[in-house]
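Engineer: So I've got this file, input_0.txt, and it contains compact mmCIF, C-alpha atoms:
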# COMPACT_ATOMS: atom_id res chain seq x y z
CA MET A 25 7.85 57.34 51.80
CA SER A 26 11.02 59.10 50.65
CA LYS A 27 12.39 58.69 47.15
CA ARG A 28 15.42 56.84 48.50
CA GLY A 29 13.30 54.42 50.51
CA ARG A 30 12.81 53.53 54.14
CA VAL A 31 15.79 52.08 56.03
CA LEU A 32 16.04 50.50 59.47
CA VAL A 33 19.38 51.42 61.04
CA ALA A 34 20.96 49.36 63.82
CA MET A 35 22.01 51.98 66.39
CA SER A 36 24.24 50.91 69.26
CA GLY A 37 24.68 54.43 70.63
CA GLY A 38 28.28 54.53 69.41
CA VAL A 39 29.79 56.96 66.96
CA ASP A 40 29.80 54.63 63.94
CA SER A 41 26.14 53.63 63.89
CA SER A 42 25.05 57.12 64.94
CA VAL A 43 26.87 58.80 62.06
CA ALA A 44 25.60 56.09 59.70
CA ALA A 45 22.01 56.92 60.66
CA VAL A 46 22.53 60.66 60.19
CA MET A 47 24.30 60.14 56.85
CA LEU A 48 21.37 58.12 55.50
CA HIS A 49 18.91 60.67 56.88
CA GLU A 50 20.73 63.48 55.09
CA GLN A 51 20.93 61.43 51.88
CA GLY A 52 17.15 61.41 51.76
CA TYR A 53 16.31 58.01 53.21
CA GLU A 54 13.41 57.70 55.63
CA VAL A 55 15.38 56.47 58.65
CA ILE A 56 14.09 54.42 61.55
CA GLY A 57 16.56 53.69 64.34
CA LEU A 58 16.63 50.40 66.22
CA THR A 59 18.75 49.51 69.26
CA MET A 60 18.99 45.83 70.09
CA LYS A 61 19.28 44.74 73.70
CA THR A 62 21.29 41.53 73.49
CA TRP A 63 22.55 40.90 77.01
CA ASP A 64 22.71 41.98 80.65
CA TYR A 65 26.13 42.71 82.11
CA ALA A 66 25.05 41.62 85.59
CA SER A 67 23.50 38.33 84.46
CA ALA A 68 26.71 37.53 82.59
CA GLY A 69 28.65 37.56 85.84
CA GLY A 70 29.77 41.18 85.87
CA SER A 71 28.88 44.09 88.10
CA SER A 72 25.49 45.76 88.00
CA LYS A 73 27.04 48.71 86.16
CA GLU A 74 26.60 48.13 82.46
CA THR A 75 28.95 49.44 79.82
CA GLY A 76 29.10 49.24 76.04
CA CYS A 77 26.48 48.93 73.35
CA CYS A 78 23.75 47.41 75.54
CA SER A 79 23.95 49.83 78.45
CA LEU A 80 21.14 52.19 79.37
CA ASP A 81 23.40 55.14 78.56
CA SER A 82 24.06 53.82 75.06
CA ILE A 83 20.35 53.21 74.43
CA ASN A 84 19.57 56.73 75.63
CA ASP A 85 22.33 58.18 73.42
CA ALA A 86 20.87 56.45 70.36
CA ARG A 87 17.37 57.65 71.18
CA ALA A 88 18.51 61.23 71.84
CA LEU A 89 20.22 61.38 68.44
CA ALA A 90 17.11 60.07 66.70
CA VAL A 91 14.96 62.67 68.45
CA ALA A 92 17.41 65.43 67.52
CA TYR A 93 17.17 64.53 63.83
CA GLY A 94 13.46 63.81 63.86
CA PHE A 95 13.32 60.11 63.05
CA PRO A 96 11.72 57.28 65.08
CA HIS A 97 13.71 55.03 67.38
CA TYR A 98 12.79 51.64 68.86
CA ILE A 99 14.37 49.20 71.29
CA LEU A 100 14.26 45.50 70.51
CA ASP A 101 14.86 42.99 73.30
CA ILE A 102 16.55 39.92 71.79
CA ARG A 103 18.29 38.70 74.93
CA ASP A 104 16.61 35.28 74.80
CA GLU A 105 17.61 34.66 71.18
CA PHE A 106 21.12 35.95 71.78
CA SER A 107 21.61 33.80 74.88
CA GLY A 108 20.08 30.70 73.31
CA PHE A 109 22.24 30.89 70.20
CA VAL A 110 25.39 32.99 70.57
CA ILE A 111 26.19 32.51 74.25
CA ASP A 112 25.23 28.82 74.34
CA ASN A 113 27.40 28.21 71.28
CA PHE A 114 30.27 30.13 72.93
CA VAL A 115 30.15 27.82 75.94
CA GLU A 116 29.67 24.66 73.87
CA GLU A 117 32.67 25.47 71.69
CA TYR A 118 35.01 25.90 74.67
CA ILE A 119 33.68 22.68 76.21
CA ALA A 120 34.45 20.96 72.90
CA GLY A 121 38.04 22.27 73.01
CA ARG A 122 37.53 24.84 70.25
CA THR A 123 37.81 28.64 70.16
CA PRO A 124 34.46 30.25 69.27
CA ASN A 125 33.79 33.21 67.01
CA PRO A 126 30.70 34.84 68.58
CA CYS A 127 30.68 38.04 66.49
CA VAL A 128 30.18 36.06 63.27
CA LEU A 129 27.28 34.09 64.74
CA CYS A 130 25.74 37.25 66.15
CA ASN A 131 25.91 39.08 62.83
CA THR A 132 24.65 36.17 60.77
CA HIS A 133 21.99 34.56 62.90
CA ILE A 134 20.90 37.24 65.36
CA LYS A 135 21.40 40.85 64.30
CA TRP A 136 20.70 40.50 60.59
CA GLU A 137 17.71 38.22 61.10
CA ALA A 138 16.31 40.39 63.90
CA LEU A 139 16.82 43.55 61.85
CA LEU A 140 15.16 42.14 58.75
CA LYS A 141 12.23 40.71 60.69
CA ARG A 142 11.56 44.10 62.28
CA ALA A 143 12.23 45.87 58.94
CA ASN A 144 9.46 43.81 57.38
CA HIS A 145 7.06 44.81 60.16
CA LEU A 146 7.94 48.48 59.64
CA ASP A 147 7.78 48.31 55.82
CA CYS A 148 11.48 49.11 55.49
CA GLU A 149 13.08 48.15 52.19
CA PHE A 150 16.59 48.25 53.62
CA ILE A 151 18.61 47.75 56.77
CA ALA A 152 21.88 49.50 57.58
CA THR A 153 24.70 49.13 60.08
CA GLY A 154 27.84 51.04 61.03
CA HIS A 155 30.20 48.34 59.75
CA TYR A 156 33.32 49.46 57.89
CA ALA A 157 32.73 47.47 54.71
CA ASN A 158 31.31 47.96 51.23
CA ILE A 159 28.69 46.13 49.22
CA ARG A 160 27.88 46.09 45.51
CA LEU A 161 25.81 44.15 42.99
CA GLN A 162 27.76 42.25 40.32
CA ASP A 163 26.66 41.59 36.74
CA SER A 164 26.23 37.97 37.80
CA GLY A 165 23.42 39.05 40.10
CA ARG A 166 25.35 38.24 43.27
CA TYR A 167 26.04 40.78 45.98
CA VAL A 168 29.68 41.20 46.99
CA VAL A 169 31.08 42.47 50.26
CA SER A 170 34.47 44.18 50.02
CA LYS A 171 36.88 45.71 52.51
CA GLY A 172 36.26 49.14 53.94
CA LYS A 173 38.50 52.08 53.11
CA ASP A 174 40.01 52.09 56.61
CA GLU A 175 42.21 48.98 56.77
CA ASN A 176 42.55 49.35 60.54
CA LYS A 177 38.77 49.23 60.96
CA ASP A 178 37.74 46.92 58.09
CA GLN A 179 35.03 44.56 59.38
CA SER A 180 34.43 42.40 56.31
CA TYR A 181 35.95 39.44 58.18
CA VAL A 182 32.90 39.11 60.46
CA LEU A 183 30.41 39.38 57.59
CA TRP A 184 31.21 36.19 55.68
CA GLY A 185 28.11 34.42 56.98
CA VAL A 186 25.52 36.94 55.72
CA SER A 187 23.30 35.43 53.01
CA GLN A 188 22.76 36.83 49.52
CA GLU A 189 19.12 37.46 50.36
CA ASN A 190 20.10 39.57 53.36
CA LEU A 191 22.94 41.38 51.57
CA ALA A 192 20.47 42.50 48.91
CA ARG A 193 18.71 44.65 51.49
CA THR A 194 21.81 45.86 53.35
CA ARG A 195 23.50 49.26 53.28
CA PHE A 196 26.97 50.09 54.71
CA PRO A 197 27.22 53.90 54.74
CA LEU A 198 30.68 54.00 56.34
CA GLY A 199 32.54 51.79 53.88
CA THR A 200 34.20 54.62 51.98
CA TYR A 201 35.29 56.53 55.08
CA SER A 202 38.03 56.19 57.67
CA LYS A 203 37.42 56.19 61.41
CA PRO A 204 39.00 59.67 61.87
CA GLU A 205 36.67 61.00 59.17
CA ILE A 206 33.65 59.56 60.98
CA ARG A 207 34.75 61.09 64.28
CA GLN A 208 35.18 64.43 62.51
CA MET A 209 31.66 64.13 61.09
CA ALA A 210 30.33 63.59 64.59
CA ASN A 211 32.20 66.71 65.73
CA ASP A 212 30.77 68.67 62.79
CA MET A 213 27.29 67.52 63.87
CA GLY A 214 27.93 69.10 67.25
CA GLN A 215 28.15 65.67 68.87
CA ARG A 216 31.53 66.14 70.57
CA GLU A 217 30.93 63.62 73.34
CA LEU A 218 29.85 61.04 70.77
CA ALA A 219 32.89 61.80 68.61
CA ASN A 220 35.21 61.06 71.51
CA LYS A 221 33.53 57.88 72.71
CA SER A 222 36.02 55.11 73.38
CA GLU A 223 35.74 51.75 71.68
CA SER A 224 35.63 48.31 73.23
CA TYR A 225 37.46 45.45 71.56
CA GLU A 226 36.20 42.86 74.04
CA ILE A 227 33.49 40.27 73.50
CA CYS A 228 30.37 42.22 74.44
CA PHE A 229 28.92 39.65 76.85
CA VAL A 230 32.15 38.66 78.64
CA PRO A 231 32.74 40.97 81.63
CA ASN A 232 36.27 42.40 81.76
CA ASN A 233 37.23 40.11 78.87
CA ASP A 234 37.64 37.26 81.39
CA TYR A 235 36.14 34.32 79.52
CA ARG A 236 37.31 31.83 82.18
CA SER A 237 35.20 33.49 84.87
CA PHE A 238 32.35 33.72 82.40
CA LEU A 239 32.50 29.98 81.72
CA ARG A 240 32.53 29.24 85.44
CA HIS A 241 29.53 31.51 85.93
CA ARG A 242 27.64 29.98 83.01
CA VAL A 243 28.46 26.33 83.83
CA GLU A 244 28.31 26.18 87.62
CA ASP A 245 29.88 22.73 87.99
CA LEU A 246 32.48 23.20 85.25
CA ASP A 247 35.50 22.78 87.51
CA GLU A 248 34.02 19.62 89.03
CA ARG A 249 33.12 18.23 85.60
CA VAL A 250 36.51 18.90 84.03
CA GLY A 251 39.06 19.23 86.82
CA ALA A 252 42.82 19.48 86.49
CA GLY A 253 44.62 17.74 83.65
CA ASN A 254 48.06 17.24 82.19
CA PHE A 255 50.24 19.60 80.24
CA VAL A 256 52.18 17.40 77.82
CA LEU A 257 54.71 17.99 75.08
CA SER A 258 54.17 16.73 71.54
CA ASP A 259 56.12 13.54 72.38
CA GLY A 260 53.58 12.78 75.12
CA SER A 261 55.81 13.54 78.10
CA ILE A 262 53.97 15.13 81.03
CA VAL A 263 55.44 18.47 82.11
CA GLY A 264 52.86 19.82 84.55
CA LYS A 265 49.24 20.26 85.54
CA HIS A 266 46.65 22.69 84.19
CA GLU A 267 43.30 23.93 85.53
CA GLY A 268 41.14 22.29 82.86
CA TYR A 269 41.29 22.28 79.06
CA PRO A 270 38.39 24.79 78.47
CA TYR A 271 40.52 27.53 80.01
CA TYR A 272 43.16 27.44 77.26
CA THR A 273 43.28 28.42 73.60
CA ILE A 274 45.52 27.53 70.68
CA GLY A 275 48.52 29.85 70.53
CA GLN A 276 48.32 30.87 74.18
CA ARG A 277 51.66 31.57 75.84
CA LYS A 278 50.86 33.74 78.87
CA GLY A 279 49.05 32.50 81.94
CA LEU A 280 50.07 28.86 81.61
CA GLY A 281 51.61 28.79 85.06
CA ILE A 282 54.46 26.56 83.94
CA ALA A 283 58.19 27.18 83.52
CA LEU A 284 60.19 25.03 81.12
CA GLY A 285 63.15 27.35 80.64
CA ARG A 286 61.89 28.48 77.24
CA PRO A 287 58.71 30.02 75.80
CA VAL A 288 56.05 27.39 75.09
CA PHE A 289 52.63 27.69 73.49
CA VAL A 290 49.39 25.74 73.47
CA ILE A 291 49.52 23.81 70.20
CA LYS A 292 46.66 21.34 70.69
CA ILE A 293 43.72 20.69 73.01
CA ILE A 294 42.41 17.15 73.56
CA PRO A 295 39.10 17.40 75.47
CA GLU A 296 38.55 13.62 75.60
CA THR A 297 41.54 13.21 77.93
CA ASN A 298 41.59 16.75 79.39
CA THR A 299 45.03 17.21 77.86
CA VAL A 300 46.70 20.44 76.77
CA VAL A 301 49.66 19.96 74.44
CA LEU A 302 52.49 22.49 74.62
CA GLY A 303 55.21 23.13 72.08
CA ASP A 304 57.65 25.60 70.59
CA GLU A 305 56.39 28.44 68.43
CA ILE A 306 57.40 26.60 65.25
CA GLU A 307 54.94 23.84 66.16
CA LEU A 308 52.10 26.32 65.74
CA GLN A 309 52.93 26.62 62.05
CA LYS A 310 50.48 24.90 59.68
CA SER A 311 50.38 24.70 55.91
CA PHE A 312 46.94 23.11 55.52
CA ALA A 313 43.48 23.63 56.97
CA VAL A 314 39.94 22.39 56.44
CA VAL A 315 37.15 24.96 56.72
CA LYS A 316 33.60 23.72 57.35
CA ASN A 317 30.11 25.21 57.04
CA ILE A 318 31.25 27.59 54.32
CA ASN A 319 29.12 30.42 52.97
CA LEU A 320 30.17 31.76 49.57
CA ILE A 321 29.53 35.35 48.61
CA LYS A 322 31.25 36.55 45.43
CA TYR A 323 30.86 33.31 43.48
CA GLU A 324 28.19 30.65 43.82
CA SER A 325 30.76 27.85 43.87
CA PHE A 326 34.33 26.91 42.94
CA ASP A 327 34.62 24.16 40.33
CA ALA A 328 38.42 24.13 40.41
CA PRO A 329 41.23 25.10 42.81
CA PHE A 330 41.36 28.88 43.23
CA GLU A 331 44.08 31.21 44.47
CA ALA A 332 42.93 33.44 47.31
CA VAL A 333 44.17 35.21 50.41
CA THR A 334 42.96 33.44 53.55
CA LYS A 335 42.67 35.17 56.94
CA VAL A 336 42.45 32.94 60.02
CA ARG A 337 42.01 35.78 62.54
CA TYR A 338 40.27 39.15 62.50
CA LYS A 339 43.51 41.15 62.60
CA ASP A 340 45.44 38.66 60.49
CA ALA A 341 47.10 40.12 57.39
CA GLY A 342 46.15 37.00 55.44
CA MET A 343 48.21 34.48 53.53
CA LEU A 344 48.15 33.56 49.85
CA SER A 345 46.63 30.12 49.52
CA THR A 346 45.00 27.68 47.15
CA ILE A 347 41.44 26.86 48.12
CA GLU A 348 39.46 23.88 46.83
CA GLN A 349 35.77 23.40 47.53
CA ASP A 350 34.51 20.03 48.71
CA GLY A 351 30.77 20.35 49.20
CA THR A 352 30.16 22.53 52.25
CA SER A 353 33.87 22.45 53.18
CA MET A 354 36.95 24.15 51.79
CA LYS A 355 40.44 22.70 51.71
CA VAL A 356 43.08 25.40 52.16
CA GLU A 357 46.72 24.93 51.16
CA PHE A 358 48.75 27.89 52.39
CA HIS A 359 51.66 28.96 50.19
CA HIS A 360 53.63 29.66 53.37
CA ALA A 361 52.93 28.22 56.80
CA VAL A 362 50.67 30.26 59.09
CA LYS A 363 50.67 30.35 62.88
CA GLY A 364 47.91 29.65 65.34
CA ILE A 365 45.13 27.96 63.38
CA ALA A 366 42.48 27.48 66.06
CA PRO A 367 39.51 25.14 65.47
CA GLY A 368 36.26 27.07 65.82
CA GLN A 369 37.66 30.37 64.57
CA SER A 370 36.70 31.77 61.17
CA ALA A 371 38.76 31.39 58.03
CA VAL A 372 37.81 34.04 55.49
CA PHE A 373 38.78 34.09 51.81
CA TYR A 374 39.55 37.19 49.74
CA GLU A 375 40.17 38.02 46.09
CA GLY A 376 41.81 41.41 46.31
CA ASP A 377 39.48 43.48 48.49
CA ASP A 378 36.47 41.29 47.71
CA LEU A 379 35.15 38.80 50.22
CA LEU A 380 34.82 35.39 48.59
CA GLY A 381 33.26 33.78 51.66
CA GLY A 382 34.31 31.94 54.76
CA GLY A 383 33.65 29.20 57.27
CA PHE A 384 34.81 27.69 60.55
CA LEU A 385 38.20 26.05 60.98
CA ALA A 386 37.82 22.32 61.65
Could you spell out this file's structure in C-alpha cells?
Structural biologist:
Amino acid sequence: MSKRGRVLVAMSGGVDSSVAAVMLHEQGYEVIGLTMKTWDYASAGGSSKETGCCSLDSINDARALAVAYGFPHYILDIRDEFSGFVIDNFVEEYIAGRTPNPCVLCNTHIKWEALLKRANHLDCEFIATGHYANIRLQDSGRYVVSKGKDENKDQSYVLWGVSQENLARTRFPLGTYSKPEIRQMANDMGQRELANKSESYEICFVPNNDYRSFLRHRVEDLDERVGAGNFVLSDGSIVGKHEGYPYYTIGQRKGLGIALGRPVFVIKIIPETNTVVLGDEIELQKSFAVVKNINLIKYESFDAPFEAVTKVRYKDAGMLSTIEQDGTSMKVEFHHAVKGIAPGQSAVFYEGDDLLGGGFLA
C-alpha cells in the first residue's frame, strides 16, 4: 500500500479520466483503473458500431494506458443496473411529460455506488473521476463540491446528488486545471491520439442524439398508446396537430411542424389530454419554481431564506434567487425571470463557486 493510499479510478478511455489516472499514479497513489460498461449502442436502437465511452475501442484504450503505467485495470458490466434505473427513468419521465436528467441519476445512483462497491472489494480507500470540479472538507465536517477552474468544462452541476458519505472518499484530480492543460498533459505523456480525442455532448445511450427514435424503440407501442394530439395556445385555442406529447420538450421551437407567422415555443405539456401548449418566448419566463427531492451539500439545512445563484440547465449562467427550504423541497424566487424551466430537469444552487445542493424541478 502506498503512502497516499489506494484509489479506484473510473476510466472511460477518454482524455480526462486517463490523465486523472496518470496524475494520481504520479502523485504516489496506488491506482486501480475501472471501466464501466453501461450500455450497448445496438440494443439502444443504433447501429452495431459503438462509439463513445462504452465502445470496445474506449475500453481497450483505458486498458492500454493502465498497462503502460503499470497499474491494474478491470471492466465492470453494469448494463442491467443502468438500464433498470437510468434508462427506465428516462422513458418514464418523458411519458409523464417531463424532461429527464439522466447524467445526474447516473452519477448519483449508478457510477458512484458501483465504484464504491468495487472499491470496497479491492480495499481502495478512495475513488476518483475525471470530472472538472473540486472538493474540500469544511470545518463543519461537511464536504463541499465547488466549480472547476475551467468554466467551460465545469461539471459541478451534475454532482449535486452525491452524498456526503460518498464525497468523503472522492477525489477530483482535474478540478484545478483547464481542458487545454489536460490535453497538453496527454501530449506530454506521448499520448497524442488520446490528446486529440473528440468529445461527445450527447446522452450516451441515445443513438445520434435522437431521443424520439429511442423512445419508439424502447416503448414499441408508444405511438399507438399516445397518438396525435392538439397544439393549443395559452387561451386554449387549437392551432394544429402534433405527433404525441412525449416527443416535445419545454422551450422547444424547432421541429414543431407548425407555422403561425411568428416564432412559437413549447411552454407547457399536459400528458393527461395529450396536449402541447405553445406560446411566445415571453411566456417561457418564470419567476418562481419548486424543486423536489433536494440533496444539500455545503450546509445540512436552511433554517431561513437564503440568497443563492440557481442554475436550471447545465450550461445556464445562473440567476440570483432567494431559496427557502420546505422539508425535502426548495422554493425558489428568482430575482429576475428565467426562461425555459422544464419539470424533471435539475435546479442547482450555488454560493459563489460552492455547490449548495440541488434537486429536480417540479
Engineer: Quick one, how far is atom CA of A:Pro204 from atom CA of A:Asp174?
Structural biologist: 9.3 Å
Engineer: With distances taken over all atoms listed in the file, which of A:Gly303, A:Gly381, A:Gly275, A:Gly37 is nearest to A:Val168?
Structural biologist: A:Gly381
Engineer: What's around A:Val243 at 12 Å? Count only C-alpha atoms, leave out sequence neighbours fewer than 2 positions away in its own chain, and write the answer as a ChimeraX atom specification.
Structural biologist: /A:68-69,111-112,114-116,118-119,235-241,245-250,270
Engineer: Which residues, written as number ranges by chain, have at least one atom at most 6 Å from A:Gly268, with only C-alpha atoms counted and residues fewer than 6 positions away on the same chain left out?
Structural biologist: A: 250-253
Engineer: At a cut-off of 7 Å, using all atoms listed in the file, what residues contact stretch 293-296 of chain A? Leave out same-chain residues fewer than 4 positions from it and give the result as a PyMOL selection string.
Structural biologist: chain A and resi 120-121+269+300-301
Engineer: Would you please work out which residue, of A:Val91, A:Ser258, A:Gly108, A:Val314, is nearest to A:Gly382 when using only C-alpha atoms?
Structural biologist: A:Val314
Engineer: Go ahead and compute the interatomic distance for atom CA of A:Val362 and atom CA of A:Asp350, in Å to one decimal.
Structural biologist: 21.8 Å
Engineer: So the first atom is atom CA of A:Arg195 and the second is atom CA of A:Ala152; what is the distance between them in Å, to one decimal place?
Structural biologist: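 We find that atom CA of A:Arg195 and atom CA of A:Ala152 lie 4.6 Å from each other.
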Engineer: Could you check the closest approach to A:Tyr225 for each of A:Lys355, A:His145, A:Lys177, A:Arg87 and tell me which residue wins, using all atoms listed in the file?
Structural biologist: A:Lys177
Engineer: Name all residues at most 10 Å from A:Ala86 (count only C-alpha atoms; drop same-chain ones fewer than 3 positions away) and give them as a PyMOL selection string.
Structural biologist: chain A and resi 34-39+41-42+45+57-59+77+80-83+89-91+97-99
Engineer: Looking at all atoms listed in the file, which of A:Pro124, A:Val33, A:Asp212, A:Phe196 is the one that sits closest to A:Phe95?
Structural biologist: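 Ranking A:Pro124, A:Val33, A:Asp212, A:Phe196 by distance to A:Phe95, first place goes to A:Val33.
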Engineer: Would it be fine to have stretch 177-187 of chain A, with all heavy atoms, given as a compact mmCIF listing (two decimals), in the first residue's frame?
Structural biologist:
# COMPACT_ATOMS: atom_id res chain seq x y z
N LYS A 177 -15.89 23.90 -18.84
CA LYS A 177 -15.97 22.46 -18.61
C LYS A 177 -16.49 22.10 -17.22
O LYS A 177 -16.64 20.91 -16.92
CB LYS A 177 -14.57 21.83 -18.78
CG LYS A 177 -14.13 21.69 -20.22
CD LYS A 177 -15.02 20.70 -20.98
CE LYS A 177 -14.92 19.29 -20.40
NZ LYS A 177 -15.81 18.34 -21.09
N ASP A 178 -16.76 23.09 -16.39
CA ASP A 178 -17.20 22.81 -15.01
C ASP A 178 -18.36 21.82 -15.01
O ASP A 178 -19.35 21.98 -15.72
CB ASP A 178 -17.64 24.13 -14.35
CG ASP A 178 -18.35 23.87 -13.03
OD1 ASP A 178 -17.77 23.17 -12.17
OD2 ASP A 178 -19.49 24.34 -12.88
N GLN A 179 -18.24 20.76 -14.19
CA GLN A 179 -19.25 19.71 -14.15
C GLN A 179 -19.91 19.58 -12.77
O GLN A 179 -20.54 18.58 -12.47
CB GLN A 179 -18.62 18.38 -14.56
CG GLN A 179 -18.23 18.34 -16.03
CD GLN A 179 -17.36 17.15 -16.37
OE1 GLN A 179 -16.25 17.04 -15.89
NE2 GLN A 179 -17.88 16.27 -17.20
N SER A 180 -19.78 20.61 -11.94
CA SER A 180 -20.38 20.55 -10.61
C SER A 180 -21.89 20.40 -10.68
O SER A 180 -22.52 19.80 -9.79
CB SER A 180 -20.00 21.78 -9.80
OG SER A 180 -20.41 22.98 -10.45
N TYR A 181 -22.51 20.91 -11.75
CA TYR A 181 -23.96 20.86 -11.90
C TYR A 181 -24.51 19.44 -11.80
O TYR A 181 -25.58 19.21 -11.25
CB TYR A 181 -24.34 21.48 -13.25
CG TYR A 181 -25.81 21.42 -13.62
CD1 TYR A 181 -26.70 22.40 -13.21
CD2 TYR A 181 -26.30 20.37 -14.41
CE1 TYR A 181 -28.05 22.34 -13.57
CE2 TYR A 181 -27.64 20.31 -14.77
CZ TYR A 181 -28.50 21.29 -14.34
OH TYR A 181 -29.84 21.23 -14.69
N VAL A 182 -23.78 18.46 -12.35
CA VAL A 182 -24.30 17.09 -12.37
C VAL A 182 -23.91 16.30 -11.13
O VAL A 182 -24.19 15.11 -11.03
CB VAL A 182 -23.82 16.33 -13.63
CG1 VAL A 182 -24.33 16.99 -14.89
CG2 VAL A 182 -22.30 16.19 -13.66
N LEU A 183 -23.28 16.96 -10.16
CA LEU A 183 -22.81 16.27 -8.96
C LEU A 183 -23.63 16.58 -7.71
O LEU A 183 -23.29 16.12 -6.62
CB LEU A 183 -21.33 16.64 -8.70
CG LEU A 183 -20.35 16.27 -9.82
CD1 LEU A 183 -18.98 16.85 -9.52
CD2 LEU A 183 -20.26 14.76 -9.98
N TRP A 184 -24.74 17.31 -7.86
CA TRP A 184 -25.48 17.74 -6.69
C TRP A 184 -26.08 16.58 -5.89
O TRP A 184 -26.36 16.71 -4.70
CB TRP A 184 -26.59 18.72 -7.08
CG TRP A 184 -27.70 18.15 -7.93
CD1 TRP A 184 -27.82 18.29 -9.28
CD2 TRP A 184 -28.82 17.39 -7.52
NE1 TRP A 184 -28.95 17.65 -9.74
CE2 TRP A 184 -29.58 17.08 -8.67
CE3 TRP A 184 -29.28 16.93 -6.28
CZ2 TRP A 184 -30.77 16.34 -8.62
CZ3 TRP A 184 -30.45 16.18 -6.23
CH2 TRP A 184 -31.18 15.89 -7.39
N GLY A 185 -26.25 15.43 -6.52
CA GLY A 185 -26.90 14.31 -5.85
C GLY A 185 -25.97 13.41 -5.07
O GLY A 185 -26.43 12.49 -4.39
N VAL A 186 -24.65 13.64 -5.14
CA VAL A 186 -23.70 12.75 -4.47
C VAL A 186 -23.75 13.00 -2.95
O VAL A 186 -23.71 14.14 -2.49
CB VAL A 186 -22.27 12.96 -5.01
CG1 VAL A 186 -21.30 11.98 -4.34
CG2 VAL A 186 -22.25 12.76 -6.52
N SER A 187 -23.83 11.92 -2.19
CA SER A 187 -23.99 12.02 -0.74
C SER A 187 -22.70 12.42 -0.05
O SER A 187 -21.60 12.28 -0.60
CB SER A 187 -24.46 10.67 -0.17
OG SER A 187 -23.42 9.71 -0.26
